[in-house]
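Chemist: For reference, this is query.csv, and it has CSV, C-alpha atoms and all ligand atoms.
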```csv
chain,number,residue,atom,x,y,z
N,1,MET,CA,-0.5,-20.9,5.6
N,2,ILE,CA,-0.9,-21.2,1.8
N,3,PRO,CA,1.9,-19.3,0.2
N,4,LEU,CA,0.9,-16.0,-1.4
N,5,SER,CA,1.6,-15.7,-5.2
N,6,LYS,CA,4.2,-13.1,-6.1
N,7,ILE,CA,1.5,-10.8,-7.7
N,8,LEU,CA,-1.7,-10.2,-5.8
N,9,ILE,CA,-5.0,-8.6,-6.8
N,10,GLY,CA,-5.8,-5.1,-5.4
N,11,ALA,CA,-9.5,-4.4,-5.6
N,12,MET,CA,-9.4,-0.6,-5.1
N,13,ARG,CA,-9.2,0.8,-8.6
N,14,PHE,CA,-12.0,-1.0,-10.4
N,15,ARG,CA,-14.1,1.1,-12.7
N,16,ASP,CA,-17.3,-0.9,-12.6
N,17,ARG,CA,-18.8,-4.2,-11.8
N,18,LYS,CA,-18.3,-5.7,-15.3
N,19,SER,CA,-14.7,-4.8,-15.8
N,20,ALA,CA,-14.0,-5.8,-12.1
N,21,ALA,CA,-15.2,-9.4,-13.0
N,22,GLU,CA,-13.1,-9.5,-16.1
N,23,ILE,CA,-10.0,-8.4,-14.2
N,24,ILE,CA,-10.6,-10.8,-11.3
N,25,HIS,CA,-11.2,-13.8,-13.5
N,26,LYS,CA,-8.2,-13.1,-15.7
N,27,ALA,CA,-5.9,-12.6,-12.7
N,28,ILE,CA,-7.1,-15.8,-11.0
N,29,ASP,CA,-6.7,-17.7,-14.2
N,30,TYR,CA,-3.1,-16.4,-14.3
N,31,GLY,CA,-2.5,-17.9,-10.8
N,32,PHE,CA,-2.7,-14.7,-8.7
N,33,ASN,CA,-4.1,-16.2,-5.5
N,34,TYR,CA,-5.0,-13.3,-3.2
N,35,ILE,CA,-7.5,-10.5,-3.5
N,36,ASP,CA,-7.6,-7.5,-1.2
N,37,THR,CA,-10.7,-5.4,-0.8
N,38,SER,CA,-12.2,-3.1,1.8
N,39,PRO,CA,-15.6,-1.6,2.7
N,40,CYS,CA,-14.5,1.8,1.3
N,41,TYR,CA,-13.0,0.8,-2.1
N,42,CYS,CA,-15.2,1.9,-5.1
N,43,HIS,CA,-17.9,2.6,-2.6
N,44,LYS,CA,-21.0,4.2,-4.2
N,45,SER,CA,-23.8,2.4,-2.3
N,46,GLU,CA,-24.5,-0.8,-0.3
N,47,THR,CA,-24.7,-2.8,-3.5
N,48,GLU,CA,-22.2,-0.9,-5.7
N,49,ASN,CA,-18.8,-1.2,-4.1
N,50,SER,CA,-15.6,-3.3,-4.4
N,51,GLU,CA,-16.6,-5.9,-1.9
N,52,ALA,CA,-19.9,-6.6,-3.7
N,53,TRP,CA,-18.1,-6.7,-7.1
N,54,VAL,CA,-15.5,-9.1,-5.7
N,55,GLY,CA,-18.2,-11.3,-4.2
N,56,GLU,CA,-20.1,-11.4,-7.5
N,57,ALA,CA,-17.0,-12.2,-9.6
N,58,LEU,CA,-16.0,-15.0,-7.2
N,59,SER,CA,-19.5,-16.5,-7.2
N,60,ALA,CA,-18.8,-17.7,-10.8
N,61,PRO,CA,-18.0,-21.4,-10.8
N,62,GLY,CA,-14.4,-22.4,-10.1
N,63,TYR,CA,-13.0,-19.1,-8.8
N,64,ARG,CA,-13.6,-18.8,-5.1
N,65,GLU,CA,-11.6,-21.9,-4.3
N,66,ARG,CA,-8.5,-20.6,-6.2
N,67,VAL,CA,-8.1,-17.3,-4.4
N,68,MET,CA,-7.7,-16.1,-0.8
N,69,VAL,CA,-10.0,-13.2,0.1
N,70,SER,CA,-9.0,-10.4,2.3
N,71,THR,CA,-10.9,-7.4,3.6
N,72,LYS,CA,-10.4,-5.0,6.5
N,73,CYS,CA,-11.6,-2.1,8.7
N,74,ALA,CA,-9.8,0.7,10.5
N,75,PRO,CA,-9.8,2.0,14.1
N,76,GLY,CA,-9.0,5.4,12.6
N,77,ASP,CA,-10.2,7.8,9.9
N,78,GLY,CA,-7.9,6.7,7.1
N,79,GLY,CA,-5.4,9.4,8.0
N,80,ARG,CA,-3.6,9.7,11.3
N,81,GLY,CA,-6.7,10.6,13.3
N,82,LEU,CA,-9.3,8.5,15.1
N,83,GLY,CA,-12.5,10.0,13.7
N,84,PRO,CA,-16.1,9.0,14.0
N,85,PHE,CA,-17.5,5.5,13.3
N,86,VAL,CA,-18.4,5.3,9.6
N,87,PRO,CA,-19.6,1.7,9.2
N,88,ALA,CA,-20.4,1.8,5.4
N,89,GLN,CA,-16.7,2.6,4.7
N,90,GLY,CA,-15.1,0.8,7.6
N,91,PHE,CA,-13.6,3.7,9.5
N,92,GLY,CA,-13.5,4.5,13.2
N,93,VAL,CA,-14.1,0.9,14.3
N,94,ARG,CA,-12.9,0.7,17.9
N,95,THR,CA,-15.3,-1.4,19.8
N,96,LYS,CA,-16.2,-5.1,19.6
N,97,GLU,CA,-19.7,-4.2,18.6
N,98,GLN,CA,-18.6,-1.9,15.8
N,99,LEU,CA,-16.2,-4.5,14.6
N,100,ALA,CA,-19.0,-7.1,14.5
N,101,GLN,CA,-21.2,-4.7,12.5
N,102,VAL,CA,-18.6,-4.0,9.9
N,103,PHE,CA,-17.3,-7.6,9.7
N,104,ASN,CA,-20.9,-8.9,9.1
N,105,GLN,CA,-21.4,-6.1,6.5
N,106,SER,CA,-18.3,-7.3,4.6
N,107,LEU,CA,-19.5,-11.0,4.7
N,108,ARG,CA,-22.9,-9.8,3.4
N,109,ARG,CA,-21.5,-7.7,0.6
N,110,LEU,CA,-19.1,-10.4,-0.4
N,111,GLY,CA,-21.8,-13.1,-0.1
N,112,MET,CA,-19.5,-15.3,1.8
N,113,GLN,CA,-19.6,-17.3,5.1
N,114,SER,CA,-15.9,-16.9,5.8
N,115,LEU,CA,-12.8,-15.1,4.6
N,116,ASP,CA,-9.1,-16.0,4.4
N,117,TYR,CA,-7.5,-12.8,5.7
N,118,TYR,CA,-8.7,-9.9,7.8
N,119,HIS,CA,-6.6,-6.7,8.3
N,120,LEU,CA,-6.3,-4.0,10.9
N,121,TRP,CA,-6.4,-1.3,8.3
N,122,THR,CA,-4.9,2.2,7.8
N,123,THR,CA,-3.2,2.0,11.2
N,124,HIS,CA,-0.5,4.6,11.0
N,125,THR,CA,0.1,5.7,14.6
N,126,MET,CA,0.6,4.1,18.0
N,127,GLU,CA,-2.5,6.0,19.2
N,128,GLN,CA,-4.7,4.2,16.5
N,129,PHE,CA,-3.0,0.9,17.3
N,130,ASP,CA,-3.7,1.3,21.1
N,131,ALA,CA,-7.3,2.3,20.4
N,132,ALA,CA,-7.7,-1.0,18.5
N,133,MET,CA,-6.1,-3.0,21.3
N,134,GLN,CA,-8.1,-1.7,24.2
N,135,PRO,CA,-10.1,-4.3,26.2
N,136,GLY,CA,-13.4,-4.9,24.4
N,137,GLY,CA,-12.1,-3.2,21.3
N,138,TRP,CA,-11.2,-4.0,17.7
N,139,TYR,CA,-8.7,-6.8,18.4
N,140,ASP,CA,-10.9,-8.6,21.0
N,141,GLY,CA,-13.8,-8.5,18.5
N,142,VAL,CA,-11.8,-9.8,15.5
N,143,MET,CA,-10.3,-12.6,17.6
N,144,GLU,CA,-13.8,-13.9,18.4
N,145,TYR,CA,-14.5,-14.1,14.6
N,146,LYS,CA,-11.1,-15.9,14.1
N,147,LYS,CA,-11.9,-18.4,16.9
N,148,ASN,CA,-15.2,-19.1,15.2
N,149,GLY,CA,-13.5,-19.8,11.9
N,150,ALA,CA,-14.8,-16.7,10.1
N,151,PHE,CA,-11.3,-16.0,8.8
N,152,ASN,CA,-7.9,-17.7,9.1
N,153,HIS,CA,-5.1,-15.1,9.1
N,154,LEU,CA,-4.8,-11.6,10.7
N,155,GLY,CA,-2.7,-8.9,9.0
N,156,ILE,CA,-2.0,-5.2,9.4
N,157,THR,CA,-2.1,-2.5,6.7
N,158,THR,CA,-0.1,0.6,7.5
N,159,HIS,CA,1.7,3.7,6.2
N,160,ALA,CA,3.6,4.2,9.4
N,161,GLY,CA,7.4,4.6,9.5
N,162,PRO,CA,9.6,1.5,9.8
N,163,ASP,CA,10.2,1.7,13.5
N,164,THR,CA,6.4,1.9,14.3
N,165,ILE,CA,5.7,-0.9,11.8
N,166,ILE,CA,8.3,-3.1,13.6
N,167,ALA,CA,6.7,-2.2,17.0
N,168,PHE,CA,3.3,-3.3,15.6
N,169,LEU,CA,4.8,-6.6,14.4
N,170,GLU,CA,6.7,-7.2,17.6
N,171,THR,CA,3.4,-7.7,19.4
N,172,GLY,CA,3.2,-11.1,17.5
N,173,LYS,CA,-0.4,-10.5,16.6
N,174,PHE,CA,-0.1,-10.3,12.8
N,175,GLU,CA,0.9,-12.9,10.2
N,176,THR,CA,1.4,-10.4,7.3
N,177,VAL,CA,2.0,-6.7,6.8
N,178,THR,CA,0.8,-4.5,4.0
N,179,LEU,CA,2.9,-1.4,3.5
N,180,PRO,CA,3.7,1.2,0.8
N,181,LEU,CA,6.9,0.1,-1.1
N,182,ASN,CA,8.1,1.0,-4.5
N,183,VAL,CA,11.2,1.8,-6.4
N,184,ILE,CA,11.1,5.5,-5.6
N,185,ASN,CA,9.9,5.2,-2.0
N,186,LEU,CA,12.3,2.9,0.0
N,187,THR,CA,11.6,4.6,3.3
N,188,ARG,CA,10.3,1.4,4.9
N,189,LEU,CA,13.1,-1.0,3.9
N,190,THR,CA,14.3,-1.6,7.4
N,191,ALA,CA,10.8,-3.0,8.2
N,192,VAL,CA,11.0,-5.2,5.1
N,193,ASP,CA,14.3,-6.5,6.3
N,194,TYR,CA,12.9,-7.2,9.7
N,195,CYS,CA,10.0,-9.2,8.1
N,196,ALA,CA,12.5,-11.2,6.0
N,197,LYS,CA,14.3,-12.2,9.2
N,198,LYS,CA,11.0,-13.1,11.0
N,199,ASN,CA,9.5,-14.9,7.9
N,200,ILE,CA,6.6,-12.4,7.8
N,201,PRO,CA,5.3,-11.9,4.2
N,202,VAL,CA,5.3,-8.3,3.1
N,203,ILE,CA,2.5,-7.2,0.8
N,204,ALA,CA,3.7,-4.2,-1.1
N,205,MET,CA,1.0,-1.7,-1.8
N,206,ASN,CA,1.5,1.3,-4.2
N,207,PRO,CA,3.9,-0.7,-6.4
N,208,LEU,CA,3.7,2.1,-9.0
N,209,ALA,CA,3.7,4.9,-6.5
N,210,GLY,CA,0.0,5.7,-6.9
N,211,GLY,CA,0.2,5.0,-10.7
N,212,PHE,CA,2.7,7.7,-11.7
N,213,CYS,CA,5.5,5.2,-12.4
N,214,ALA,CA,3.2,4.0,-15.1
N,215,ALA,CA,3.6,7.3,-17.0
N,216,ASN,CA,7.1,6.1,-18.1
N,217,GLY,CA,7.2,2.6,-19.7
N,218,ARG,CA,10.8,2.0,-18.5
N,219,LEU,CA,10.2,3.2,-15.0
N,220,LYS,CA,7.0,1.1,-14.8
N,221,GLU,CA,9.0,-2.0,-15.8
N,222,LEU,CA,11.8,-1.3,-13.3
N,223,ALA,CA,9.2,-0.7,-10.6
N,224,PHE,CA,7.8,-4.2,-11.1
N,225,ARG,CA,11.2,-5.8,-11.6
N,226,TYR,CA,12.5,-4.3,-8.3
N,227,LEU,CA,9.7,-5.7,-6.2
N,228,MET,CA,10.0,-9.0,-8.1
N,229,ALA,CA,13.7,-9.1,-7.0
N,230,LEU,CA,12.9,-8.8,-3.3
N,231,PRO,CA,12.3,-12.1,-1.6
N,232,ASN,CA,9.5,-12.2,0.9
N,233,VAL,CA,7.7,-9.3,-0.9
N,234,HIS,CA,4.4,-9.8,-2.8
N,235,ILE,CA,3.2,-7.1,-5.2
N,236,LEU,CA,-0.4,-5.9,-4.5
N,237,ALA,CA,-1.3,-4.5,-7.9
N,238,GLY,CA,-4.4,-2.3,-8.0
N,239,PHE,CA,-5.7,-3.3,-11.4
N,240,SER,CA,-8.2,-1.0,-13.3
N,241,ALA,CA,-8.1,-2.7,-16.7
N,242,ALA,CA,-7.6,-6.2,-18.0
N,243,ASN,CA,-4.5,-5.3,-20.0
N,244,GLU,CA,-2.8,-4.3,-16.7
N,245,VAL,CA,-3.3,-7.9,-15.6
N,246,ASP,CA,-1.6,-9.1,-18.8
N,247,TYR,CA,1.3,-6.8,-18.2
N,248,ALA,CA,1.8,-8.2,-14.6
N,249,LYS,CA,1.7,-11.7,-16.0
N,250,TRP,CA,4.3,-10.8,-18.6
N,251,ILE,CA,6.5,-9.5,-15.7
N,252,LEU,CA,6.0,-12.7,-13.9
N,253,ASP,CA,6.8,-14.9,-16.9
N,254,THR,CA,9.9,-13.0,-17.8
N,255,ALA,CA,11.3,-12.7,-14.3
N,256,PRO,CA,13.4,-15.9,-14.4
N,257,ASN,CA,15.4,-14.5,-17.3
N,258,TYR,CA,15.8,-11.1,-15.8
N,259,LYS,CA,19.1,-11.6,-13.9
N,260,GLN,CA,19.4,-8.2,-12.2
N,261,SER,CA,19.6,-7.8,-8.4
N,262,ALA,CA,17.4,-5.3,-6.6
N,263,ASP,CA,20.5,-3.0,-6.2
N,264,GLN,CA,21.3,-3.2,-9.9
N,265,ILE,CA,17.7,-2.3,-10.7
N,266,LEU,CA,17.9,0.7,-8.4
N,267,ALA,CA,21.0,1.8,-10.2
N,268,LYS,CA,19.0,1.7,-13.4
N,269,VAL,CA,16.3,3.9,-11.9
N,270,ASP,CA,19.0,6.3,-10.8
N,271,ARG,CA,20.3,6.6,-14.3
N,272,LEU,CA,16.7,7.0,-15.6
N,273,ILE,CA,16.0,9.9,-13.2
N,274,ASP,CA,19.3,11.5,-14.2
N,275,ALA,CA,19.3,14.2,-11.5
N,276,ARG,CA,21.7,17.0,-12.1
N,277,GLU,CA,22.3,17.5,-8.4
N,278,PRO,CA,22.8,14.9,-5.5
N,279,ARG,CA,19.2,13.7,-4.9
N,280,CYS,CA,17.2,12.1,-2.1
N,281,THR,CA,17.2,8.3,-2.4
N,282,SER,CA,14.2,7.9,-0.2
N,283,CYS,CA,16.2,5.9,2.4
N,284,GLY,CA,14.1,7.2,5.3
N,285,TYR,CA,17.0,7.8,7.7
N,286,CYS,CA,15.8,11.3,8.3
N,287,GLN,CA,12.7,10.1,10.1
N,288,PRO,CA,11.0,10.9,12.4
N,289,CYS,CA,9.9,14.5,11.5
N,290,PRO,CA,8.2,16.4,14.3
N,291,ASN,CA,5.5,17.3,11.8
N,292,ASN,CA,5.0,13.7,10.6
N,293,ILE,CA,6.4,14.5,7.1
N,294,ASN,CA,7.8,11.5,5.3
N,295,LEU,CA,10.4,13.5,3.5
N,296,GLY,CA,11.8,10.7,1.5
N,297,ALA,CA,8.3,10.0,0.1
N,298,CYS,CA,7.7,13.7,-0.7
N,299,LEU,CA,11.0,14.0,-2.5
N,300,SER,CA,10.4,11.0,-4.6
N,301,TYR,CA,7.5,12.8,-6.2
N,302,TYR,CA,9.7,15.9,-6.5
N,303,ASN,CA,12.5,13.9,-8.2
N,304,ILE,CA,10.3,12.3,-10.8
N,305,TYR,CA,8.5,15.6,-11.5
N,306,LYS,CA,11.6,17.7,-11.7
N,307,TYR,CA,14.1,15.4,-13.4
N,308,MET,CA,11.9,13.1,-15.4
N,309,LYS,CA,9.3,15.7,-16.2
N,310,ILE,CA,6.4,13.5,-15.5
N,311,PRO,CA,3.5,15.8,-14.8
N,312,HIS,CA,1.4,13.0,-13.2
N,313,ALA,CA,3.9,12.9,-10.3
N,314,LYS,CA,2.7,16.4,-9.2
N,315,LYS,CA,-1.0,15.4,-9.7
N,316,SER,CA,-0.5,12.2,-7.7
N,317,PHE,CA,1.3,14.1,-4.9
N,318,LYS,CA,-1.6,16.6,-4.7
N,319,GLU,CA,-4.2,13.9,-4.7
N,320,LYS,CA,-2.5,12.3,-1.8
N,321,GLN,CA,-2.4,15.3,0.5
N,322,TRP,CA,-4.9,13.5,2.8
N,323,GLU,CA,-1.8,11.6,4.0
N,324,ASP,CA,0.1,13.5,6.7
N,325,GLY,CA,3.4,12.1,5.4
N,326,LEU,CA,3.0,14.0,2.2
N,327,ARG,CA,2.1,17.4,3.8
N,328,LEU,CA,5.4,19.1,2.9
N,329,ASP,CA,3.6,22.4,3.2
N,330,ARG,CA,3.7,21.8,7.0
N,331,CYS,CA,7.5,21.8,7.1
N,332,THR,CA,8.7,24.3,9.7
N,333,ALA,CA,12.4,24.2,8.5
N,334,CYS,CA,13.4,22.8,11.9
N,335,GLY,CA,16.5,21.2,10.4
N,336,ALA,CA,16.1,17.8,12.2
N,337,CYS,CA,16.2,15.9,8.8
N,338,SER,CA,19.3,17.7,7.6
N,339,ALA,CA,21.2,16.5,10.7
N,340,ARG,CA,20.3,12.9,10.0
N,341,CYS,CA,20.6,12.6,6.2
N,342,PRO,CA,23.5,10.3,5.4
N,343,ASN,CA,23.8,11.9,1.9
N,344,GLN,CA,24.3,15.3,3.5
N,345,LEU,CA,21.9,16.9,1.1
N,346,PRO,CA,21.2,20.6,1.4
N,347,LEU,CA,17.7,19.7,2.5
N,348,GLN,CA,16.4,23.2,3.4
N,349,ASP,CA,17.1,24.3,-0.2
N,350,ILE,CA,15.7,21.1,-1.6
N,351,ILE,CA,12.5,21.3,0.5
N,352,ARG,CA,11.9,25.0,-0.5
N,353,ASP,CA,12.3,24.0,-4.2
N,354,ALA,CA,10.0,21.0,-3.8
N,355,GLN,CA,7.4,23.1,-2.1
N,356,LYS,CA,7.5,25.6,-4.9
N,357,LEU,CA,7.4,23.0,-7.7
N,358,LEU,CA,4.8,20.6,-6.1
N,359,TYR,CA,2.4,23.2,-4.7
N,360,GLU,CA,2.6,26.0,-7.3
N,361,LYS,CA,-0.5,26.2,-9.6
N,401,LIG,S1,16.4,13.3,2.8
N,401,LIG,FE1,18.3,12.1,3.1
N,401,LIG,S2,17.8,10.8,4.8
N,401,LIG,FE2,15.9,11.6,4.1
N,401,LIG,S3,15.1,10.0,2.8
N,401,LIG,FE3,16.2,11.5,1.5
N,401,LIG,S4,18.3,10.7,1.3
N,401,LIG,FE4,17.3,9.6,3.0
N,402,LIG,S1,12.9,20.5,8.3
N,402,LIG,FE1,10.8,20.1,7.8
N,402,LIG,S2,10.8,18.0,6.9
N,402,LIG,FE2,12.7,18.2,8.0
N,402,LIG,S3,12.3,17.4,10.1
N,402,LIG,FE3,11.9,19.6,10.2
N,402,LIG,S4,9.7,19.9,9.7
N,402,LIG,FE4,10.3,17.8,9.1
```
Written as structure tokens, how would this file's structure read?
Ligand code: SF4
Ligand code: SF4
Modeler:
Amino acid sequence: MIPLSKILIGAMRFRDRKSAAEIIHKAIDYGFNYIDTSPCYCHKSETENSEAWVGEALSAPGYRERVMVSTKCAPGDGGRGLGPFVPAQGFGVRTKEQLAQVFNQSLRRLGMQSLDYYHLWTTHTMEQFDAAMQPGGWYDGVMEYKKNGAFNHLGITTHAGPDTIIAFLETGKFETVTLPLNVINLTRLTAVDYCAKKNIPVIAMNPLAGGFCAANGRLKELAFRYLMALPNVHILAGFSAANEVDYAKWILDTAPNYKQSADQILAKVDRLIDAREPRCTSCGYCQPCPNNINLGACLSYYNIYKYMKIPHAKKSFKEKQWEDGLRLDRCTACGACSARCPNQLPLQDIIRDAQKLLYEK
């Protein structure tokens, strides 16, 4: 396996074909050696979408051979459901035949004969995983492509909780895992530790928590520095402008002189957030919630909005309500999380306040 660079190219936030090419070329020239796309990213039509833009950028002489290309499709609907088969966007892919249709569509859009990585995408629940693994299903289909040399490495992309992620990886079917990880959402760290022990590279998506860490320059830098400090973690940065690629390169170049450990960086984030009351540290120990709420993730938006006064945190939280883990409005005040929180936080009060602040107009 060719080692992944520390910073990787996410292809989900491109604005248009021209700026996508500029970003991709610059990132590859800087040595970022992996690009992750999907049938759904930037999808406007069969010809205007992330896969097509990536393919065109990599058709320029001297680029394809310097980057590993990854795309993916999902057995589910992007959330926690199964949903119908939507080939154009790569959702609801559960049979071998559907997998073949979507895989060939990706090759066609990318203009490539073969890929480097393919991912079981947005697989957040055991039900979705089992649907992909049924005989004659997603996994059987993708392994035929792998056997024929259409791609080299199989990974999984998931927003599941750490125990479920570990259960996926324990099957031994995946060489990498892509999961949300950032300085204010550490709820999956036990899965990251598991991967470190098993030598499974972790690809950290959402490094800036959906972009809102970028609203504060100091927080943005700490967010990158924290992930840089974690061995075995690679930062999947969803670039939308060329200057963001320059910033990532600056982080990379200055990393050897930045002598802070991951824990020291987290302490700096703590001071920056400067909460006046004991606050949630997004450790994730209160999981699972009977209503699938990822409380640590929800409260990270709340902390940044409440204590750092970054309005974008609330906007970002609202935009992500498609994700079950962030549906704090579904809390039934059952108290299960309070019983498990090692910080003994007054969670019922905090949840009520978070609901008020994050959902109020
Ligand atoms: S509520 Fe408590 S247990 Fe849950 S993530 Fe926050 S600090 Fe951790
Ligand atoms: S109190 Fe709310 S967030 Fe906590 S476990 Fe119960 S439903 Fe989930």
Chemist: Set the distance at 8 Å and use all atoms listed in the file: which residues neighbour N:Val269 once local chain neighbours fewer than 3 positions away are removed? I'd like the list as an NGL selection string.
Modeler: :N and (183 or 219 or 222 or 265-266 or 272-273)
Chemist: With distances taken over all atoms listed in the file, which residue among N:Ile7, N:Ala100, N:Arg330, N:Gly31 lies nearest N:Met143?
Modeler: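 So, comparing all the options, the nearest one is N:Ala100.
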Chemist: So what do you get for atom CA of N:Ala20 versus atom CA of N:Ser240, distance-wise?
Modeler: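 Computing it gives 7.6 Å between the two atoms.
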Chemist: Might you pull out every residue within 12 Å of N:Thr171, with all atoms listed in the file counted and same-chain residues fewer than 4 positions away left off, and present them as an MDAnalysis selection string?
Modeler: chainID N and resid 129:130 133 156 164:167 175
Chemist: Residues up to 8 Å from ligand LIG 401 (chain N), counting all atoms listed in the file: could you list those as an NGL selection string?
Modeler: :N and (187 or 279-287 or 294-297 or 299 or 337-338 or 340-345 or 347)
Chemist: Produce as a ChimeraX atom specification the set of residues near ligand LIG 402 (chain N), where near means within 6 Å with all atoms listed in the file considered.
Modeler: /N:289-291,293,295,331-337
Chemist: At what distance in Å, to one decimal, does atom CA of N:Phe32 lie from atom CA of N:Asn152?
Modeler: 18.8 Å
Chemist: Env of N:Gly137: 9 Å cut, atoms = all atoms listed in the file, seq-sep filter 3 positions within chain, self excluded. Answer as a PDB file with C-alpha atoms, in the frame of the given file.
Modeler:
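Below is the file out_16.pdb, written as the result:
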```
ATOM      1  CA  VAL N  93     -14.100   0.900  14.300  1.00  0.00           C
ATOM      2  CA  ARG N  94     -12.900   0.700  17.900  1.00  0.00           C
ATOM      3  CA  THR N  95     -15.300  -1.400  19.800  1.00  0.00           C
ATOM      4  CA  LYS N  96     -16.200  -5.100  19.600  1.00  0.00           C
ATOM      5  CA  GLU N  97     -19.700  -4.200  18.600  1.00  0.00           C
ATOM      6  CA  GLN N  98     -18.600  -1.900  15.800  1.00  0.00           C
ATOM      7  CA  LEU N  99     -16.200  -4.500  14.600  1.00  0.00           C
ATOM      8  CA  ALA N 131      -7.300   2.300  20.400  1.00  0.00           C
ATOM      9  CA  ALA N 132      -7.700  -1.000  18.500  1.00  0.00           C
ATOM     10  CA  MET N 133      -6.100  -3.000  21.300  1.00  0.00           C
ATOM     11  CA  GLN N 134      -8.100  -1.700  24.200  1.00  0.00           C
ATOM     12  CA  ASP N 140     -10.900  -8.600  21.000  1.00  0.00           C
ATOM     13  CA  GLY N 141     -13.800  -8.500  18.500  1.00  0.00           C
ATOM     14  CA  VAL N 142     -11.800  -9.800  15.500  1.00  0.00           C
TER      15      VAL N 142
END
```
Chemist: Would you mind reading off the distance between atom CA of N:Ile9 and atom CA of N:Gly238, one decimal, in Å?
Modeler: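 The value is 6.4 Å.
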Chemist: I'd like the neighbourhood of N:Ala262 as a list in words, where a residue qualifies if any of its atoms comes within 12 Å (using only C-alpha atoms), though same-chain residues fewer than 5 positions away should be ignored.
Modeler: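 My reading of the contact set: Asn182, Val183, Leu186, Leu222, Ala223, Phe224, Arg225, Tyr226, Leu227, Met228, Ala229, Leu230, Pro231, Val233, Ala267, Lys268 and Val269 of chain N.
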Chemist: Let me make sure I understand: among N:Arg188, N:Arg80, N:Arg271, N:His25, which one has the smallest atom-to-atom distance to N:Gly161 if we use only C-alpha atoms?
Modeler: N:Arg188
Chemist: Go ahead and find all residues with at least one atom no further than 6 Å from (3.9, -10.2, -6.8) in the file's coordinates, using only C-alpha atoms; report them as a list in words.
Modeler: Lys6, Ile7, Leu8, His234 and Ile235 of chain N
Chemist: At a cut-off of 7 Å, using only C-alpha atoms, what residues contact N:Met205? Leave out same-chain residues fewer than 2 positions from it and give the result as a PDB file with C-alpha atoms, in the coordinates of the input.
Modeler:
```pdb
ATOM      1  CA  THR N 178       0.800  -4.500   4.000  1.00  0.00           C
ATOM      2  CA  LEU N 179       2.900  -1.400   3.500  1.00  0.00           C
ATOM      3  CA  PRO N 180       3.700   1.200   0.800  1.00  0.00           C
ATOM      4  CA  LEU N 181       6.900   0.100  -1.100  1.00  0.00           C
ATOM      5  CA  ILE N 203       2.500  -7.200   0.800  1.00  0.00           C
ATOM      6  CA  PRO N 207       3.900  -0.700  -6.400  1.00  0.00           C
ATOM      7  CA  ILE N 235       3.200  -7.100  -5.200  1.00  0.00           C
ATOM      8  CA  LEU N 236      -0.400  -5.900  -4.500  1.00  0.00           C
TER       9      LEU N 236
END
```
Chemist: Which is closest to N:Leu4 among N:Asn33, N:Thr123, N:Gln260, N:Ser19, if we use only C-alpha atoms?
Modeler: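 Distance minimum relative to N:Leu4 lands on N:Asn33.
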Chemist: I'd like to know which of N:Leu326, N:Leu154, N:Val54, N:Leu252 is closest to N:Ile200, using only C-alpha atoms.
Modeler: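 When distances to N:Ile200 are compared using only C-alpha atoms, the smallest one comes from N:Leu154.
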Chemist: Please return as JSON, numbers by chain every residue within 8 Å of (-5.6, -7.9, -1.3), taking into account only C-alpha atoms and the file's own coordinates.
Modeler: {"N": [8, 9, 10, 11, 34, 35, 36, 37, 69, 70, 71, 236]}
Chemist: Could you check the closest approach to N:Gln113 for each of N:Gly81, N:Gly149, N:Gly90, N:Gly210 and tell me which residue wins, using only C-alpha atoms?
Modeler: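 Looking only at the distances to N:Gln113, the closest residue turns out to be N:Gly149.
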Chemist: Taking all atoms listed in the file into account, which of N:Gln101, N:Ser316, N:Gln128, N:Gln348 comes nearest N:Gly211?
Modeler: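 Smallest separation from N:Gly211 among the options: N:Ser316.
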Chemist: Will you model N, CA and C atoms for stretch 166-174 of chain N and pass it back as a PDB file, in the coordinates of the input?
Modeler:
```pdb
ATOM      1  N   ILE N 166       7.624  -1.988  12.873  1.00  0.00           N
ATOM      2  CA  ILE N 166       8.300  -3.100  13.600  1.00  0.00           C
ATOM      3  C   ILE N 166       7.676  -3.237  15.001  1.00  0.00           C
ATOM      4  N   ALA N 167       7.356  -2.110  15.634  1.00  0.00           N
ATOM      5  CA  ALA N 167       6.700  -2.200  17.000  1.00  0.00           C
ATOM      6  C   ALA N 167       5.359  -2.891  16.862  1.00  0.00           C
ATOM      7  N   PHE N 168       4.583  -2.606  15.813  1.00  0.00           N
ATOM      8  CA  PHE N 168       3.300  -3.300  15.600  1.00  0.00           C
ATOM      9  C   PHE N 168       3.546  -4.822  15.502  1.00  0.00           C
ATOM     10  N   LEU N 169       4.534  -5.182  14.683  1.00  0.00           N
ATOM     11  CA  LEU N 169       4.800  -6.600  14.400  1.00  0.00           C
ATOM     12  C   LEU N 169       5.363  -7.337  15.593  1.00  0.00           C
ATOM     13  N   GLU N 170       6.125  -6.596  16.400  1.00  0.00           N
ATOM     14  CA  GLU N 170       6.700  -7.200  17.600  1.00  0.00           C
ATOM     15  C   GLU N 170       5.685  -7.735  18.571  1.00  0.00           C
ATOM     16  N   THR N 171       4.452  -7.245  18.463  1.00  0.00           N
ATOM     17  CA  THR N 171       3.400  -7.700  19.400  1.00  0.00           C
ATOM     18  C   THR N 171       3.070  -9.207  19.032  1.00  0.00           C
ATOM     19  N   GLY N 172       3.488  -9.667  17.834  1.00  0.00           N
ATOM     20  CA  GLY N 172       3.200 -11.100  17.500  1.00  0.00           C
ATOM     21  C   GLY N 172       1.806 -11.345  17.053  1.00  0.00           C
ATOM     22  N   LYS N 173       1.011 -10.311  16.856  1.00  0.00           N
ATOM     23  CA  LYS N 173      -0.400 -10.500  16.600  1.00  0.00           C
ATOM     24  C   LYS N 173      -0.712 -10.668  15.075  1.00  0.00           C
ATOM     25  N   PHE N 174       0.243 -10.364  14.210  1.00  0.00           N
ATOM     26  CA  PHE N 174      -0.100 -10.300  12.800  1.00  0.00           C
ATOM     27  C   PHE N 174       0.823 -11.218  11.966  1.00  0.00           C
TER      28      PHE N 174
END
```
